[in-house]
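As provided, query_23.cif (mmCIF, C-alpha atoms and all ligand atoms) reads as follows.
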data_run
#
loop_
_atom_site.label_atom_id
_atom_site.label_comp_id
_atom_site.auth_asym_id
_atom_site.auth_seq_id
_atom_site.Cartn_x
_atom_site.Cartn_y
_atom_site.Cartn_z
CA MET Y 1 -20.73 20.88 33.71
CA LYS Y 2 -18.14 23.28 32.34
CA ARG Y 3 -17.23 23.28 28.68
CA LYS Y 4 -14.34 21.11 27.56
CA GLY Y 5 -11.76 22.33 25.07
CA TYR Y 6 -11.45 25.88 26.39
CA LEU Y 7 -8.09 27.60 25.95
CA SER Y 8 -5.52 27.36 28.71
CA TRP Y 9 -4.00 30.68 29.83
CA ASP Y 10 -0.81 29.83 27.94
CA GLU Y 11 -2.74 29.03 24.76
CA TYR Y 12 -4.88 32.15 25.15
CA PHE Y 13 -1.96 34.55 25.50
CA MET Y 14 0.02 32.85 22.74
CA ALA Y 15 -3.05 32.99 20.48
CA VAL Y 16 -3.31 36.76 21.14
CA ALA Y 17 0.36 37.09 20.19
CA ILE Y 18 -0.19 35.12 16.98
CA LEU Y 19 -3.34 37.08 16.15
CA SER Y 20 -1.46 40.37 16.66
CA ALA Y 21 1.20 39.14 14.22
CA GLN Y 22 -1.48 39.15 11.54
CA ARG Y 23 -1.36 42.99 11.68
CA SER Y 24 2.26 42.92 10.49
CA LYS Y 25 3.03 44.19 6.98
CA ASP Y 26 6.33 42.29 6.86
CA PRO Y 27 6.03 39.98 3.83
CA SER Y 28 8.48 37.40 5.20
CA THR Y 29 8.16 37.22 8.99
CA GLN Y 30 5.16 38.29 11.04
CA VAL Y 31 5.82 38.35 14.79
CA GLY Y 32 3.39 39.20 17.58
CA ALA Y 33 3.85 39.56 21.33
CA CYS Y 34 1.46 39.58 24.26
CA ILE Y 35 2.30 40.65 27.82
CA ALA Y 36 0.23 39.34 30.72
CA ASN Y 37 0.51 40.30 34.39
CA LYS Y 38 0.34 38.10 37.47
CA ALA Y 39 -3.44 38.39 37.56
CA ASN Y 40 -3.59 36.97 34.00
CA LYS Y 41 -4.65 40.32 32.57
CA ILE Y 42 -3.27 41.39 29.20
CA VAL Y 43 -1.32 44.61 29.65
CA GLY Y 44 0.36 44.96 26.25
CA VAL Y 45 0.34 43.62 22.72
CA GLY Y 46 2.46 44.41 19.69
CA TYR Y 47 3.72 43.23 16.31
CA ASN Y 48 6.66 44.07 14.08
CA GLY Y 49 6.26 47.26 12.12
CA PHE Y 50 7.77 50.60 11.25
CA PRO Y 51 7.78 53.46 13.79
CA LEU Y 52 4.84 55.84 14.11
CA GLY Y 53 4.68 58.25 11.21
CA CYS Y 54 6.93 56.10 9.00
CA ASP Y 55 4.69 55.05 6.16
CA ASP Y 56 4.54 51.30 5.48
CA ASP Y 57 4.63 52.09 1.78
CA ASP Y 58 7.59 54.49 1.93
CA LEU Y 59 10.15 52.27 3.69
CA PRO Y 60 11.57 49.05 2.21
CA TRP Y 61 10.44 45.57 3.29
CA GLY Y 62 13.36 43.75 1.61
CA ARG Y 63 15.96 41.66 3.44
CA GLU Y 64 18.98 41.92 1.19
CA GLY Y 65 21.21 44.52 -0.39
CA ASP Y 66 22.28 47.91 0.89
CA PHE Y 67 21.45 48.05 4.63
CA LEU Y 68 19.50 51.29 4.27
CA GLU Y 69 17.42 49.71 1.52
CA THR Y 70 16.31 46.83 3.79
CA LYS Y 71 13.73 46.77 6.58
CA TYR Y 72 16.30 46.04 9.30
CA PRO Y 73 17.34 49.57 10.35
CA TYR Y 74 13.72 50.70 10.56
CA VAL Y 75 11.49 47.90 11.85
CA CYS Y 76 10.40 47.85 15.51
CA HIS Y 77 10.24 44.32 16.84
CA ALA Y 78 7.01 42.92 18.27
CA GLU Y 79 8.40 42.66 21.81
CA LEU Y 80 9.55 46.29 21.83
CA ASN Y 81 6.14 47.42 20.61
CA ALA Y 82 4.33 45.29 23.19
CA VAL Y 83 6.36 46.86 25.99
CA LEU Y 84 5.94 50.39 24.64
CA ASN Y 85 2.22 49.89 23.95
CA SER Y 86 1.64 48.63 27.44
CA SER Y 87 -1.12 50.21 29.46
CA SER Y 88 1.06 49.91 32.54
CA ARG Y 89 4.38 51.59 33.26
CA ASP Y 90 5.19 48.74 35.60
CA LEU Y 91 5.73 45.35 33.98
CA MET Y 92 7.38 43.87 37.08
CA ASP Y 93 6.78 40.09 37.25
CA CYS Y 94 4.84 40.01 33.98
CA LYS Y 95 5.14 37.30 31.32
CA ILE Y 96 5.68 37.88 27.61
CA TYR Y 97 4.39 35.48 24.95
CA VAL Y 98 6.13 35.46 21.56
CA ALA Y 99 6.12 32.94 18.75
CA LEU Y 100 9.86 33.43 18.14
CA PHE Y 101 12.61 33.49 20.78
CA PRO Y 102 13.54 37.18 21.31
CA CYS Y 103 16.62 38.75 19.74
CA ASN Y 104 19.30 40.37 21.93
CA GLU Y 105 17.89 43.89 21.47
CA CYS Y 106 14.41 42.84 22.58
CA THR Y 107 15.96 40.83 25.40
CA LYS Y 108 17.43 44.03 26.83
CA VAL Y 109 14.04 45.74 26.63
CA ILE Y 110 12.30 42.76 28.23
CA ILE Y 111 14.76 42.58 31.12
CA GLN Y 112 14.73 46.34 31.75
CA SER Y 113 10.94 46.43 31.77
CA GLY Y 114 10.78 43.99 34.71
CA ILE Y 115 9.24 41.07 32.78
CA LYS Y 116 10.24 37.82 34.49
CA GLU Y 117 9.19 35.08 32.09
CA VAL Y 118 9.40 34.53 28.32
CA ILE Y 119 7.15 31.91 26.73
CA TYR Y 120 7.92 31.08 23.09
CA LEU Y 121 7.01 28.57 20.41
CA SER Y 122 10.00 28.49 18.08
CA ASP Y 123 13.72 28.80 18.69
CA LYS Y 124 14.64 28.60 15.03
CA TYR Y 125 17.45 31.16 15.34
CA LYS Y 126 19.07 29.35 18.29
CA ASP Y 127 22.36 28.98 16.45
CA THR Y 128 22.80 32.72 15.97
CA ASP Y 129 25.00 34.90 18.18
CA GLN Y 130 21.99 37.18 18.79
CA VAL Y 131 20.03 34.41 20.47
CA ARG Y 132 23.14 33.17 22.31
CA ALA Y 133 23.50 36.71 23.73
CA SER Y 134 19.78 36.73 24.62
CA LYS Y 135 20.09 33.50 26.58
CA LYS Y 136 23.19 34.72 28.38
CA MET Y 137 21.40 37.89 29.51
CA PHE Y 138 18.18 36.09 30.48
CA ASN Y 139 20.20 33.60 32.56
CA MET Y 140 22.18 36.32 34.29
CA SER Y 141 19.12 38.37 35.14
CA GLY Y 142 16.98 35.43 36.27
CA VAL Y 143 14.34 35.73 33.55
CA LYS Y 144 12.79 32.31 32.99
CA CYS Y 145 12.40 31.08 29.38
CA ARG Y 146 9.98 28.31 28.55
CA GLN Y 147 9.02 26.72 25.25
CA LEU Y 148 5.29 26.19 24.95
CA THR Y 149 3.97 22.91 23.62
CA PRO Y 150 0.27 23.60 23.13
CA ASP Y 151 -2.34 20.85 23.30
CA ARG Y 152 -3.69 21.86 19.90
CA GLU Y 153 -2.06 22.55 16.54
CA SER Y 154 -4.40 25.27 15.35
CA LEU Y 155 -7.38 27.39 16.27
CA LEU Y 156 -10.02 28.59 13.82
CA ILE Y 157 -11.28 32.16 13.92
CA ASN Y 158 -14.64 32.34 12.25
CA PHE Y 159 -15.95 35.74 11.14
CA VAL Y 160 -19.18 34.32 9.77
CA ALA Y 161 -21.93 36.05 11.74
CA THR Y 162 -24.43 33.22 11.26
CA GLU Y 163 -22.33 31.07 13.60
CA TYR Y 164 -23.78 33.13 16.46
CA VAL Y 165 -27.50 33.07 15.66
O1 LIG U 1 12.28 38.64 18.09
C1 LIG U 1 11.95 39.14 16.99
N1 LIG U 1 10.90 40.00 16.90
C2 LIG U 1 10.52 40.58 15.73
O2 LIG U 1 9.54 41.34 15.69
N2 LIG U 1 11.25 40.29 14.59
C3 LIG U 1 10.83 40.88 13.32
C4 LIG U 1 11.79 41.85 12.71
C5 LIG U 1 11.55 41.65 11.24
O3 LIG U 1 10.42 42.41 10.80
C6 LIG U 1 11.21 40.17 11.15
C7 LIG U 1 12.41 39.30 10.85
O4 LIG U 1 12.63 39.34 9.49
P1 LIG U 1 13.39 38.18 8.70
O5 LIG U 1 12.90 36.84 9.27
O6 LIG U 1 12.93 38.40 7.28
O7 LIG U 1 14.85 38.41 8.91
O8 LIG U 1 10.71 39.81 12.40
C8 LIG U 1 12.28 39.43 14.63
C9 LIG U 1 12.65 38.82 15.80
C10 LIG U 1 13.77 37.85 15.88
O9 LIG U 1 14.94 38.46 15.59
ZN ZN U 2 13.89 41.67 18.66
#

Since I need it in another form, could you write the structure as structure tokens?
Ligand SMILES: O=c1[nH]c(=O)n([C@H]2C[C@H](O)[C@@H](COP(=O)(O)O)O2)cc1CO
Ligand SMILES: [Zn+2]
Amino acid sequence: MKRKGYLSWDEYFMAVAILSAQRSKDPSTQVGACIANKANKIVGVGYNGFPLGCDDDDLPWGREGDFLETKYPYVCHAELNAVLNSSSRDLMDCKIYVALFPCNECTKVIIQSGIKEVIYLSDKYKDTDQVRASKKMFNMSGVKCRQLTPDRESLLINFVATEYV
């Protein structure tokens, strides 16, 4: 009989997004994204970070003060990186998994890439104009957005090798 408790596809792709977020150097918000195609194959992953060649130690990670002294003008969002890192040029009809509902800039990238479904966990910035603009564009372009309610609260990753002997 097959094992019980295995991850659903939704949980699996969201878990990959959350795992990818752990690569982020952002001290306040770590975001990851995972793109899967219609055959349930992962075709792109990403997390928020500075552009290639821009040293994580040479740009600011702060949130307040002079714009140029904050992370905001420099950081690439997880969704953008997942699209750009994709192994496929064609993301038509793919799904993107992100913990946080995408901002309006990522929304444009998602729509233009051909992705047709956004699956998210949190919509904590729903009262911002950015997210209002995102929803307007997703509606107009027929991209489906769905909040995931997983069957489990957490998943343990165990690096202890003796678990496998
Ligand atoms: O959709 C997103 N994707 C994404 O990667 N981010 C990143 C950009 C920043 O590094 C961080 C947001 O920072 P903060 O929560 O401190 O304002 O999350 C933020 C959003 C939501 O705007
Ligand atoms: Zn964004």

Inset, instruction - Please determine the residues with any atom at most 7 Å from (16.7, 35.8, 16.4) (coordinates as given in the file, with all atoms listed in the file counting) and report them as a list in words. - result: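 Residues close enough to count: Phe101, Pro102, Cys103, Tyr125, Thr128, Gln130 and Val131 of chain Y.
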
Y:Pro60 proximity check over Y:Ile119, Y:Asp26, Y:Arg152, Y:Ala36, using all atoms listed in the file: winner is Y:Asp26

Looking at all atoms listed in the file, which of Y:Ala99, Y:Leu156, Y:Leu7, Y:Ala78 is the one that sits closest to ligand ZN 2 (chain U)?
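Checking each candidate against ligand ZN 2 (chain U), we get Y:Ala78 as the closest.
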
Pick from Y:Phe50, Y:Ser88, Y:Lys126, Y:Arg23 nearest to Y:Thr70, counting all atoms listed in the file: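 Nearest to Y:Thr70: Y:Phe50.
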
Would you place a box with edges along x, y and z of the file around all atoms of ligand LIG 1 (chain U) listed there, add 6 Å to each of its six sides, and report the centre and edge lengths in Å to one decimal, as lines of an AutoDock Vina configuration file?
center_x = 12.2
center_y = 39.6
center_z = 12.7
size_x = 17.4
size_y = 17.6
size_z = 22.8

- Residues up to 12 Å from ligand ZN 2 (chain U), counting all atoms listed in the file: could you list those as a count of residues only? 36

- Task: Measuring atom to atom with all atoms listed in the file, identify which of Y:Gly5, Y:Pro150, Y:Gly62, Y:Gly44 is nearest to Y:Pro27.
- Result: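 Counting all atoms listed in the file, the residue closest to Y:Pro27 is Y:Gly62.
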
Could you check which of Y:Lys4, Y:Asn37, Y:Lys116, Y:Ala21 is closest to Y:Gly142, using only C-alpha atoms?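 Nearest candidate to Y:Gly142 out of Y:Lys4, Y:Asn37, Y:Lys116, Y:Ala21: Y:Lys116.
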
Item to complete: Report the distance between atom CA of Y:Thr149 and atom CA of Y:Glu11 in Å, rounded to one decimal place.
Response: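 Atom CA of Y:Glu11 lies 9.2 Å from atom CA of Y:Thr149.
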
Review point. Y:Ser113, Y:Ser122, Y:Asn85, Y:Ser8: which is nearest ligand LIG 1 (chain U), counting all atoms listed in the file?
Key: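 For ligand LIG 1 (chain U), the nearest of the candidates is Y:Ser122.
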
Atom CA of Y:Lys25 to atom P1 of ligand LIG 1 (chain U) measures 12.1 Å

Fill in: Surrounding residues of Y:Val118 excluding itself and chain neighbours under 2 positions, 8 Å, only C-alpha atoms, as a PyMOL selection string
chain Y and resi 95-98+115-116+120+143-146

request  = Could you check how far atom CA of Y:Leu91 sits from atom CA of Y:Gly114, in Å to one decimal?
outcome  =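 Pair atom CA of Y:Leu91 / atom CA of Y:Gly114 returns 5.3 Å.
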
What does stretch 1-47 of chain Y look like written to a file with N, CA and C atoms, as a PDB file, in the first residue's frame?
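Contents of the output file out-v2.pdb:
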ATOM      1  N   MET Y   1       0.842  -1.199   0.000  1.00  0.00           N
ATOM      2  CA  MET Y   1       0.000   0.000   0.000  1.00  0.00           C
ATOM      3  C   MET Y   1       0.881   1.255   0.000  1.00  0.00           C
ATOM      4  N   LYS Y   2       0.460   2.274  -0.728  1.00  0.00           N
ATOM      5  CA  LYS Y   2       1.322   3.458  -0.832  1.00  0.00           C
ATOM      6  C   LYS Y   2       1.374   4.236   0.477  1.00  0.00           C
ATOM      7  N   ARG Y   3       2.490   4.931   0.646  1.00  0.00           N
ATOM      8  CA  ARG Y   3       2.733   5.693   1.860  1.00  0.00           C
ATOM      9  C   ARG Y   3       1.695   6.803   2.030  1.00  0.00           C
ATOM     10  N   LYS Y   4       1.273   6.988   3.282  1.00  0.00           N
ATOM     11  CA  LYS Y   4       0.379   8.112   3.584  1.00  0.00           C
ATOM     12  C   LYS Y   4       1.237   9.318   3.961  1.00  0.00           C
ATOM     13  N   GLY Y   5       0.682  10.492   3.866  1.00  0.00           N
ATOM     14  CA  GLY Y   5       1.380  11.683   4.344  1.00  0.00           C
ATOM     15  C   GLY Y   5       2.336  12.291   3.343  1.00  0.00           C
ATOM     16  N   TYR Y   6       2.349  11.772   2.110  1.00  0.00           N
ATOM     17  CA  TYR Y   6       3.239  12.377   1.106  1.00  0.00           C
ATOM     18  C   TYR Y   6       2.715  13.754   0.717  1.00  0.00           C
ATOM     19  N   LEU Y   7       3.617  14.584   0.196  1.00  0.00           N
ATOM     20  CA  LEU Y   7       3.245  15.960  -0.154  1.00  0.00           C
ATOM     21  C   LEU Y   7       2.344  15.987  -1.388  1.00  0.00           C
ATOM     22  N   SER Y   8       1.344  16.836  -1.345  1.00  0.00           N
ATOM     23  CA  SER Y   8       0.551  17.076  -2.561  1.00  0.00           C
ATOM     24  C   SER Y   8       1.422  17.897  -3.507  1.00  0.00           C
ATOM     25  N   TRP Y   9       1.037  18.007  -4.774  1.00  0.00           N
ATOM     26  CA  TRP Y   9       1.803  18.847  -5.710  1.00  0.00           C
ATOM     27  C   TRP Y   9       1.859  20.281  -5.199  1.00  0.00           C
ATOM     28  N   ASP Y  10       0.717  20.789  -4.743  1.00  0.00           N
ATOM     29  CA  ASP Y  10       0.687  22.176  -4.245  1.00  0.00           C
ATOM     30  C   ASP Y  10       1.656  22.355  -3.085  1.00  0.00           C
ATOM     31  N   GLU Y  11       1.632  21.405  -2.141  1.00  0.00           N
ATOM     32  CA  GLU Y  11       2.525  21.516  -0.978  1.00  0.00           C
ATOM     33  C   GLU Y  11       3.989  21.395  -1.413  1.00  0.00           C
ATOM     34  N   TYR Y  12       4.232  20.514  -2.347  1.00  0.00           N
ATOM     35  CA  TYR Y  12       5.605  20.298  -2.834  1.00  0.00           C
ATOM     36  C   TYR Y  12       6.174  21.578  -3.465  1.00  0.00           C
ATOM     37  N   PHE Y  13       5.415  22.179  -4.370  1.00  0.00           N
ATOM     38  CA  PHE Y  13       5.927  23.373  -5.053  1.00  0.00           C
ATOM     39  C   PHE Y  13       6.031  24.561  -4.086  1.00  0.00           C
ATOM     40  N   MET Y  14       5.063  24.645  -3.160  1.00  0.00           N
ATOM     41  CA  MET Y  14       5.147  25.747  -2.195  1.00  0.00           C
ATOM     42  C   MET Y  14       6.336  25.520  -1.257  1.00  0.00           C
ATOM     43  N   ALA Y  15       6.586  24.278  -0.903  1.00  0.00           N
ATOM     44  CA  ALA Y  15       7.733  23.974  -0.037  1.00  0.00           C
ATOM     45  C   ALA Y  15       9.044  24.335  -0.734  1.00  0.00           C
ATOM     46  N   VAL Y  16       9.123  24.098  -2.046  1.00  0.00           N
ATOM     47  CA  VAL Y  16      10.333  24.478  -2.802  1.00  0.00           C
ATOM     48  C   VAL Y  16      10.485  26.004  -2.798  1.00  0.00           C
ATOM     49  N   ALA Y  17       9.362  26.710  -2.920  1.00  0.00           N
ATOM     50  CA  ALA Y  17       9.417  28.171  -2.868  1.00  0.00           C
ATOM     51  C   ALA Y  17       9.924  28.632  -1.495  1.00  0.00           C
ATOM     52  N   ILE Y  18       9.398  28.022  -0.449  1.00  0.00           N
ATOM     53  CA  ILE Y  18       9.787  28.424   0.916  1.00  0.00           C
ATOM     54  C   ILE Y  18      11.243  28.051   1.204  1.00  0.00           C
ATOM     55  N   LEU Y  19      11.661  26.909   0.701  1.00  0.00           N
ATOM     56  CA  LEU Y  19      13.066  26.496   0.868  1.00  0.00           C
ATOM     57  C   LEU Y  19      13.988  27.480   0.146  1.00  0.00           C
ATOM     58  N   SER Y  20      13.607  27.881  -1.069  1.00  0.00           N
ATOM     59  CA  SER Y  20      14.422  28.824  -1.840  1.00  0.00           C
ATOM     60  C   SER Y  20      14.559  30.147  -1.098  1.00  0.00           C
ATOM     61  N   ALA Y  21      13.498  30.535  -0.388  1.00  0.00           N
ATOM     62  CA  ALA Y  21      13.533  31.793   0.367  1.00  0.00           C
ATOM     63  C   ALA Y  21      14.641  31.784   1.411  1.00  0.00           C
ATOM     64  N   GLN Y  22      15.013  30.593   1.859  1.00  0.00           N
ATOM     65  CA  GLN Y  22      16.064  30.496   2.869  1.00  0.00           C
ATOM     66  C   GLN Y  22      17.438  30.892   2.327  1.00  0.00           C
ATOM     67  N   ARG Y  23      17.554  31.073   0.998  1.00  0.00           N
ATOM     68  CA  ARG Y  23      18.808  31.557   0.399  1.00  0.00           C
ATOM     69  C   ARG Y  23      18.895  33.088   0.466  1.00  0.00           C
ATOM     70  N   SER Y  24      17.763  33.738   0.791  1.00  0.00           N
ATOM     71  CA  SER Y  24      17.732  35.201   0.773  1.00  0.00           C
ATOM     72  C   SER Y  24      18.579  35.799   1.898  1.00  0.00           C
ATOM     73  N   LYS Y  25      19.264  36.891   1.576  1.00  0.00           N
ATOM     74  CA  LYS Y  25      20.074  37.591   2.587  1.00  0.00           C
ATOM     75  C   LYS Y  25      19.287  38.729   3.222  1.00  0.00           C
ATOM     76  N   ASP Y  26      18.047  38.949   2.765  1.00  0.00           N
ATOM     77  CA  ASP Y  26      17.249  40.045   3.310  1.00  0.00           C
ATOM     78  C   ASP Y  26      16.933  39.756   4.773  1.00  0.00           C
ATOM     79  N   PRO Y  27      17.370  40.643   5.691  1.00  0.00           N
ATOM     80  CA  PRO Y  27      17.158  40.359   7.112  1.00  0.00           C
ATOM     81  C   PRO Y  27      15.703  40.465   7.542  1.00  0.00           C
ATOM     82  N   SER Y  28      14.855  41.167   6.766  1.00  0.00           N
ATOM     83  CA  SER Y  28      13.467  41.303   7.235  1.00  0.00           C
ATOM     84  C   SER Y  28      12.476  40.410   6.501  1.00  0.00           C
ATOM     85  N   THR Y  29      12.585  40.279   5.196  1.00  0.00           N
ATOM     86  CA  THR Y  29      11.598  39.480   4.459  1.00  0.00           C
ATOM     87  C   THR Y  29      12.287  38.569   3.456  1.00  0.00           C
ATOM     88  N   GLN Y  30      12.133  37.278   3.634  1.00  0.00           N
ATOM     89  CA  GLN Y  30      12.712  36.313   2.704  1.00  0.00           C
ATOM     90  C   GLN Y  30      11.566  35.740   1.867  1.00  0.00           C
ATOM     91  N   VAL Y  31      11.663  35.913   0.552  1.00  0.00           N
ATOM     92  CA  VAL Y  31      10.603  35.433  -0.345  1.00  0.00           C
ATOM     93  C   VAL Y  31      11.212  34.455  -1.348  1.00  0.00           C
ATOM     94  N   GLY Y  32      10.504  33.384  -1.612  1.00  0.00           N
ATOM     95  CA  GLY Y  32      10.945  32.424  -2.627  1.00  0.00           C
ATOM     96  C   GLY Y  32       9.820  32.199  -3.617  1.00  0.00           C
ATOM     97  N   ALA Y  33      10.164  31.729  -4.810  1.00  0.00           N
ATOM     98  CA  ALA Y  33       9.145  31.446  -5.824  1.00  0.00           C
ATOM     99  C   ALA Y  33       9.541  30.185  -6.580  1.00  0.00           C
ATOM    100  N   CYS Y  34       8.541  29.436  -6.981  1.00  0.00           N
ATOM    101  CA  CYS Y  34       8.771  28.198  -7.724  1.00  0.00           C
ATOM    102  C   CYS Y  34       7.779  28.135  -8.877  1.00  0.00           C
ATOM    103  N   ILE Y  35       8.294  27.903 -10.087  1.00  0.00           N
ATOM    104  CA  ILE Y  35       7.435  27.818 -11.272  1.00  0.00           C
ATOM    105  C   ILE Y  35       7.359  26.358 -11.708  1.00  0.00           C
ATOM    106  N   ALA Y  36       6.133  25.883 -11.911  1.00  0.00           N
ATOM    107  CA  ALA Y  36       5.935  24.507 -12.379  1.00  0.00           C
ATOM    108  C   ALA Y  36       5.134  24.527 -13.673  1.00  0.00           C
ATOM    109  N   ASN Y  37       5.451  23.595 -14.585  1.00  0.00           N
ATOM    110  CA  ASN Y  37       4.710  23.566 -15.849  1.00  0.00           C
ATOM    111  C   ASN Y  37       3.518  22.614 -15.766  1.00  0.00           C
ATOM    112  N   LYS Y  38       2.846  22.432 -16.879  1.00  0.00           N
ATOM    113  CA  LYS Y  38       1.617  21.630 -16.868  1.00  0.00           C
ATOM    114  C   LYS Y  38       1.877  20.164 -16.552  1.00  0.00           C
ATOM    115  N   ALA Y  39       3.115  19.729 -16.789  1.00  0.00           N
ATOM    116  CA  ALA Y  39       3.475  18.341 -16.497  1.00  0.00           C
ATOM    117  C   ALA Y  39       3.997  18.199 -15.059  1.00  0.00           C
ATOM    118  N   ASN Y  40       3.777  19.230 -14.241  1.00  0.00           N
ATOM    119  CA  ASN Y  40       4.241  19.231 -12.849  1.00  0.00           C
ATOM    120  C   ASN Y  40       5.763  19.107 -12.731  1.00  0.00           C
ATOM    121  N   LYS Y  41       6.460  19.692 -13.703  1.00  0.00           N
ATOM    122  CA  LYS Y  41       7.928  19.743 -13.616  1.00  0.00           C
ATOM    123  C   LYS Y  41       8.320  21.162 -13.204  1.00  0.00           C
ATOM    124  N   ILE Y  42       9.298  21.255 -12.312  1.00  0.00           N
ATOM    125  CA  ILE Y  42       9.775  22.570 -11.885  1.00  0.00           C
ATOM    126  C   ILE Y  42      10.659  23.151 -12.984  1.00  0.00           C
ATOM    127  N   VAL Y  43      10.313  24.355 -13.436  1.00  0.00           N
ATOM    128  CA  VAL Y  43      11.084  24.957 -14.523  1.00  0.00           C
ATOM    129  C   VAL Y  43      11.780  26.248 -14.090  1.00  0.00           C
ATOM    130  N   GLY Y  44      11.587  26.672 -12.848  1.00  0.00           N
ATOM    131  CA  GLY Y  44      12.287  27.863 -12.375  1.00  0.00           C
ATOM    132  C   GLY Y  44      12.083  28.067 -10.882  1.00  0.00           C
ATOM    133  N   VAL Y  45      13.156  28.504 -10.228  1.00  0.00           N
ATOM    134  CA  VAL Y  45      13.047  28.880  -8.814  1.00  0.00           C
ATOM    135  C   VAL Y  45      13.828  30.173  -8.601  1.00  0.00           C
ATOM    136  N   GLY Y  46      13.472  30.911  -7.579  1.00  0.00           N
ATOM    137  CA  GLY Y  46      14.202  32.150  -7.297  1.00  0.00           C
ATOM    138  C   GLY Y  46      13.872  32.656  -5.908  1.00  0.00           C
ATOM    139  N   TYR Y  47      14.671  33.624  -5.466  1.00  0.00           N
ATOM    140  CA  TYR Y  47      14.434  34.279  -4.165  1.00  0.00           C
ATOM    141  C   TYR Y  47      14.886  35.717  -4.297  1.00  0.00           C
TER     142      TYR Y  47
END
